[in-house]
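The structure file final_33.txt is reproduced below (compact mmCIF, C-alpha atoms).
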```txt
# COMPACT_ATOMS: atom_id res chain seq x y z
CA MET Q 134 25.57 1.67 69.35
CA ARG Q 135 27.57 -0.79 67.26
CA LEU Q 136 28.86 2.09 65.11
CA THR Q 137 29.96 3.99 68.22
CA ILE Q 138 31.95 0.99 69.46
CA LEU Q 139 33.48 0.47 66.01
CA PHE Q 140 34.40 4.16 65.83
CA PHE Q 141 36.04 4.00 69.27
CA CYS Q 142 38.04 0.89 68.30
CA LEU Q 143 39.22 2.46 65.05
CA ILE Q 144 40.29 5.61 66.85
CA LYS Q 145 42.31 3.63 69.40
CA PHE Q 146 44.02 1.67 66.62
CA THR Q 147 44.69 4.68 64.44
CA PHE Q 148 46.09 6.88 67.16
CA GLY Q 149 47.97 4.24 69.07
CA TYR Q 150 51.26 5.82 68.02
CA SER Q 151 50.63 9.18 69.64
CA GLN Q 152 46.90 9.90 69.94
CA PHE Q 153 47.07 13.66 70.24
CA SER Q 154 49.96 15.51 68.65
CA VAL Q 155 49.55 19.12 69.71
CA GLY Q 156 53.02 20.37 70.61
CA ASP Q 157 54.74 17.65 68.55
CA THR Q 158 56.77 18.20 65.40
CA LYS Q 159 55.66 17.67 61.83
CA GLU Q 160 58.27 14.92 61.59
CA ASN Q 161 56.67 13.01 64.51
CA VAL Q 162 53.18 13.25 63.00
CA ILE Q 163 54.32 12.10 59.56
CA SER Q 164 56.42 9.31 61.05
CA GLY Q 165 53.39 8.01 62.97
CA LEU Q 166 51.14 8.17 59.92
CA LYS Q 167 53.69 6.38 57.76
CA SER Q 168 54.24 3.66 60.36
CA ASN Q 169 50.50 2.93 60.18
CA ASN Q 170 50.54 3.12 56.34
CA THR Q 171 48.07 6.01 56.53
CA GLU Q 172 47.62 8.18 53.45
CA PHE Q 173 47.80 11.90 54.18
CA THR Q 174 48.10 15.22 52.39
CA GLU Q 175 50.23 18.24 53.17
CA SER Q 176 49.48 21.80 52.14
CA GLU Q 177 50.44 25.38 52.94
CA LEU Q 178 47.81 27.58 54.54
CA THR Q 179 49.75 30.85 54.70
CA ASP Q 180 53.37 31.92 54.35
CA SER Q 181 54.04 30.68 57.89
CA THR Q 182 51.54 27.87 58.49
CA SER Q 183 50.78 24.53 56.89
CA ARG Q 184 48.68 21.45 57.59
CA ILE Q 185 48.60 17.70 57.38
CA SER Q 186 45.22 16.07 56.71
CA VAL Q 187 43.91 12.55 56.95
CA LEU Q 188 40.46 11.47 55.81
CA TYR Q 189 39.02 8.21 57.08
CA GLU Q 190 36.02 7.51 54.84
CA ASN Q 191 32.69 7.69 56.70
CA GLN Q 192 34.48 8.15 60.02
CA TYR Q 193 36.28 11.45 60.45
CA GLN Q 194 38.85 13.88 59.12
CA MET Q 195 41.86 14.86 61.24
CA ILE Q 196 43.83 18.03 60.51
CA TRP Q 197 47.11 18.99 62.15
CA MET Q 198 47.96 22.71 61.82
CA LEU Q 199 51.66 23.54 61.85
CA ASP Q 200 53.38 26.81 62.70
CA ALA Q 201 56.44 28.30 60.98
CA ASN Q 202 58.69 25.98 63.05
CA ASP Q 203 56.76 22.89 61.89
CA LYS Q 204 55.25 22.36 65.33
CA VAL Q 205 51.61 21.29 65.72
CA PHE Q 206 49.68 24.14 67.33
CA ARG Q 207 46.16 22.87 66.64
CA GLN Q 208 44.64 19.49 65.89
CA THR Q 209 41.09 19.44 64.54
CA LEU Q 210 38.72 16.50 64.37
CA ILE Q 211 35.71 16.61 62.07
CA PRO Q 212 33.64 13.48 62.80
CA GLU Q 213 31.43 12.01 60.10
CA MET Q 214 29.49 9.94 62.59
CA GLU Q 215 26.95 11.12 65.11
CA ASN Q 216 28.49 11.24 68.57
CA GLY Q 217 32.05 11.20 67.17
CA ALA Q 218 33.26 14.18 69.22
CA ASN Q 219 31.99 12.51 72.40
CA GLU Q 220 34.13 9.45 71.70
CA PHE Q 221 37.25 11.59 71.61
CA VAL Q 222 36.29 13.28 74.88
CA LYS Q 223 35.96 9.78 76.38
CA LEU Q 224 39.55 9.09 75.25
CA PHE Q 225 40.70 12.27 77.00
CA ASN Q 226 38.80 11.31 80.16
CA LYS Q 227 40.32 7.83 80.15
CA ASP Q 228 43.94 8.71 79.27
CA PHE Q 229 44.47 12.08 80.95
CA VAL Q 230 43.69 13.88 84.21
CA ILE Q 231 40.63 16.13 83.97
CA ILE Q 232 41.45 19.70 84.98
CA SER Q 233 38.22 21.37 83.84
CA ASP Q 234 35.35 20.85 81.40
CA VAL Q 235 37.70 21.72 78.54
CA GLU Q 236 41.22 20.90 79.82
CA TRP Q 237 43.14 17.67 80.46
CA ARG Q 238 46.70 17.10 81.71
CA ASN Q 239 48.93 14.51 80.07
CA TYR Q 240 51.54 13.62 82.69
CA GLU Q 241 53.62 11.64 80.17
CA ASN Q 242 54.65 14.79 78.31
CA GLY Q 243 53.62 17.54 80.76
CA ARG Q 244 51.14 19.07 78.33
CA ILE Q 245 47.71 20.45 79.15
CA TYR Q 246 45.30 19.99 76.25
CA LYS Q 247 42.36 22.29 75.71
CA ILE Q 248 39.35 21.31 73.58
CA GLN Q 249 37.12 23.83 71.85
CA LEU Q 250 33.84 22.55 70.43
CA GLU Q 251 32.76 24.38 67.28
CA TYR Q 252 30.08 23.96 64.63
CA ILE Q 253 29.94 24.15 60.86
CA MET Q 254 26.37 24.19 59.59
CA ARG Q 255 25.17 22.62 62.88
CA GLU Q 256 27.72 19.80 62.60
CA PRO Q 257 30.05 19.56 65.62
CA PHE Q 258 33.81 19.35 65.36
CA PHE Q 259 36.46 20.13 67.87
CA SER Q 260 39.95 21.49 68.01
CA ILE Q 261 42.70 20.59 70.44
CA THR Q 262 45.26 23.22 71.43
CA LEU Q 263 47.71 23.54 74.29
CA SER Q 264 46.45 25.43 77.30
CA PRO Q 265 48.36 28.66 78.00
CA SER Q 266 49.44 27.08 81.32
CA SER Q 267 50.97 24.08 79.50
CA ARG Q 268 54.74 23.74 79.35
```
So, in terms of C-alpha cells, how does the structure I just supplied come out?
Amino acid sequence: MRLTILFFCLIKFTFGYSQFSVGDTKENVISGLKSNNTEFTESELTDSTSRISVLYENQYQMIWMLDANDKVFRQTLIPEMENGANEFVKLFNKDFVIISDVEWRNYENGRIYKIQLEYIMREPFFSITLSPSSR
C-alpha cells in the first residue's frame, strides 16, 4: 500500500507539467521534461516516426511516439510496480470526464483520450491515444 501511494505521488509530481501529452508537439514534451530536469532519450523508429523515452528506476517507463510532424500520437506506460496501470486510470478518473470504460474527455484541451491495456509476457502496460471522435 505504501508503494502504491508513493507511486501515485511521484506520478503527480512528474507529470504536473502536462500529465498526458497525446496530441501535443515534441517541443512541448521535451520542454516539460527539461523543466523538471528529467533525463530522456530520443530515437527514430521508422523513416516517419520517432520516440522520446523516460525511465524512472523501479517505477515505470514512459514512451511518447511521434509522427512525421513531430506530434505525439501514442503515449505508452510500462509500470514496474504491481498495480501501476491502475494508478494512472485513477488519474484519468480524477482529472477527466469518464465517457466509457476506455475513454475520458479533457475539457481543458478538448481531447478525448483512449486507453488500451496490453500485455508483454503477462505484464500489463497501457497506451494512450486520441479517440477518433477527439478534435
Kindly extract all protein, DNA and RNA residues lying within 12 Å of the coordinates (53.0, 10.3, 63.5) given in the file, considering all atoms listed in the file, and supply them as a VMD selection string.
-> chain Q and resid 147 to 155 157 to 173 185 to 187 197 205
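The spacing separating atom CA of Thr182 of chain Q from atom CA of Asp203 of chain Q amounts to 8.0 Å.
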So which residues fall inside 7 Å of (48.0, 22.8, 64.0) if we count all atoms listed in the file? Mind giving them as a list of chain:residue names?
-> Q:Val155, Q:Arg184, Q:Trp197, Q:Met198, Q:Leu199, Q:Asp200, Q:Val205, Q:Phe206, Q:Arg207, Q:Gln208
Selection to disk with C-alpha atoms, as a short mmCIF file (atom, residue, chain, number, x, y, z; two decimals), in the coordinates of the input:
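Output file selection_15.cif follows:
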```
data_model
loop_
_atom_site.label_atom_id
_atom_site.label_comp_id
_atom_site.auth_asym_id
_atom_site.auth_seq_id
_atom_site.Cartn_x
_atom_site.Cartn_y
_atom_site.Cartn_z
CA VAL Q 155 49.55 19.12 69.71
CA ARG Q 184 48.68 21.45 57.59
CA TRP Q 197 47.11 18.99 62.15
CA MET Q 198 47.96 22.71 61.82
CA LEU Q 199 51.66 23.54 61.85
CA ASP Q 200 53.38 26.81 62.70
CA VAL Q 205 51.61 21.29 65.72
CA PHE Q 206 49.68 24.14 67.33
CA ARG Q 207 46.16 22.87 66.64
CA GLN Q 208 44.64 19.49 65.89
#
```
Which polymer residues have any atom within 12 Å of an atom of Ala218 of chain Q, counting all atoms listed in the file, with same-chain residues fewer than 6 positions away left out, as a ChimeraX atom specification?
-> /Q:137,140-141,144,192-195,209-212,224-225,248-252,256-261
Compile the contact shell of Glu241 of chain Q as a PyMOL selection string: residues with an atom at most 12 Å away, counting only C-alpha atoms, same-chain residues fewer than 2 positions apart removed.
-> chain Q and resi 151+228-230+238-239+243-245
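Take the candidates Q:Val222, Q:Leu263, Q:Met254, Q:Val235 and check each one against Lys204 of chain Q using only C-alpha atoms; the shortest distance goes to Q:Leu263.
The spacing separating atom CA of Ser266 of chain Q from atom CA of Lys247 of chain Q amounts to 10.2 Å.
Checking Q:Leu188, Q:Gly156, Q:Glu236, Q:Ile231 one by one against Asn202 of chain Q, counting only C-alpha atoms, you find the shortest gap at Q:Gly156.
Between Ile196 of chain Q and the candidates Q:Phe221, Q:Asp180, Q:Tyr240, Q:Thr174, the tightest atom-to-atom separation, counting only C-alpha atoms, involves Q:Thr174.
The two atoms in question, atom CA of Gly217 of chain Q and atom CA of Trp237 of chain Q, are spaced 18.5 Å apart.
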Would you mind completing segment 188-201 of chain Q so that it carries N, CA and C atoms, and writing it out as a short mmCIF file (atom, residue, chain, number, x, y, z; two decimals), in the coordinates of the input?
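Final output, saved to rebuild-v4.cif:
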```
data_model
loop_
_atom_site.label_atom_id
_atom_site.label_comp_id
_atom_site.auth_asym_id
_atom_site.auth_seq_id
_atom_site.Cartn_x
_atom_site.Cartn_y
_atom_site.Cartn_z
N LEU Q 188 41.90 11.70 55.93
CA LEU Q 188 40.46 11.47 55.81
C LEU Q 188 40.20 9.97 55.92
N TYR Q 189 39.44 9.60 56.91
CA TYR Q 189 39.02 8.21 57.08
C TYR Q 189 37.57 8.15 56.63
N GLU Q 190 37.35 7.56 55.46
CA GLU Q 190 36.02 7.51 54.84
C GLU Q 190 34.93 7.13 55.84
N ASN Q 191 33.87 7.92 55.87
CA ASN Q 191 32.69 7.69 56.70
C ASN Q 191 33.00 7.62 58.19
N GLN Q 192 34.14 8.14 58.61
CA GLN Q 192 34.48 8.15 60.02
C GLN Q 192 34.79 9.56 60.50
N TYR Q 193 35.90 10.11 60.04
CA TYR Q 193 36.28 11.45 60.45
C TYR Q 193 37.42 11.96 59.59
N GLN Q 194 37.67 13.27 59.72
CA GLN Q 194 38.85 13.88 59.12
C GLN Q 194 39.65 14.48 60.27
N MET Q 195 40.96 14.29 60.23
CA MET Q 195 41.86 14.86 61.24
C MET Q 195 42.80 15.82 60.53
N ILE Q 196 42.96 17.01 61.10
CA ILE Q 196 43.83 18.03 60.51
C ILE Q 196 44.79 18.50 61.59
N TRP Q 197 46.08 18.46 61.27
CA TRP Q 197 47.11 18.99 62.15
C TRP Q 197 47.59 20.31 61.55
N MET Q 198 47.50 21.40 62.29
CA MET Q 198 47.96 22.71 61.82
C MET Q 198 49.36 22.94 62.38
N LEU Q 199 50.25 23.37 61.50
CA LEU Q 199 51.66 23.54 61.85
C LEU Q 199 52.08 25.00 61.77
N ASP Q 200 52.90 25.43 62.72
CA ASP Q 200 53.38 26.81 62.70
C ASP Q 200 54.64 26.91 61.82
N ALA Q 201 55.26 28.06 61.83
CA ALA Q 201 56.44 28.30 60.98
C ALA Q 201 57.62 27.40 61.35
#
```
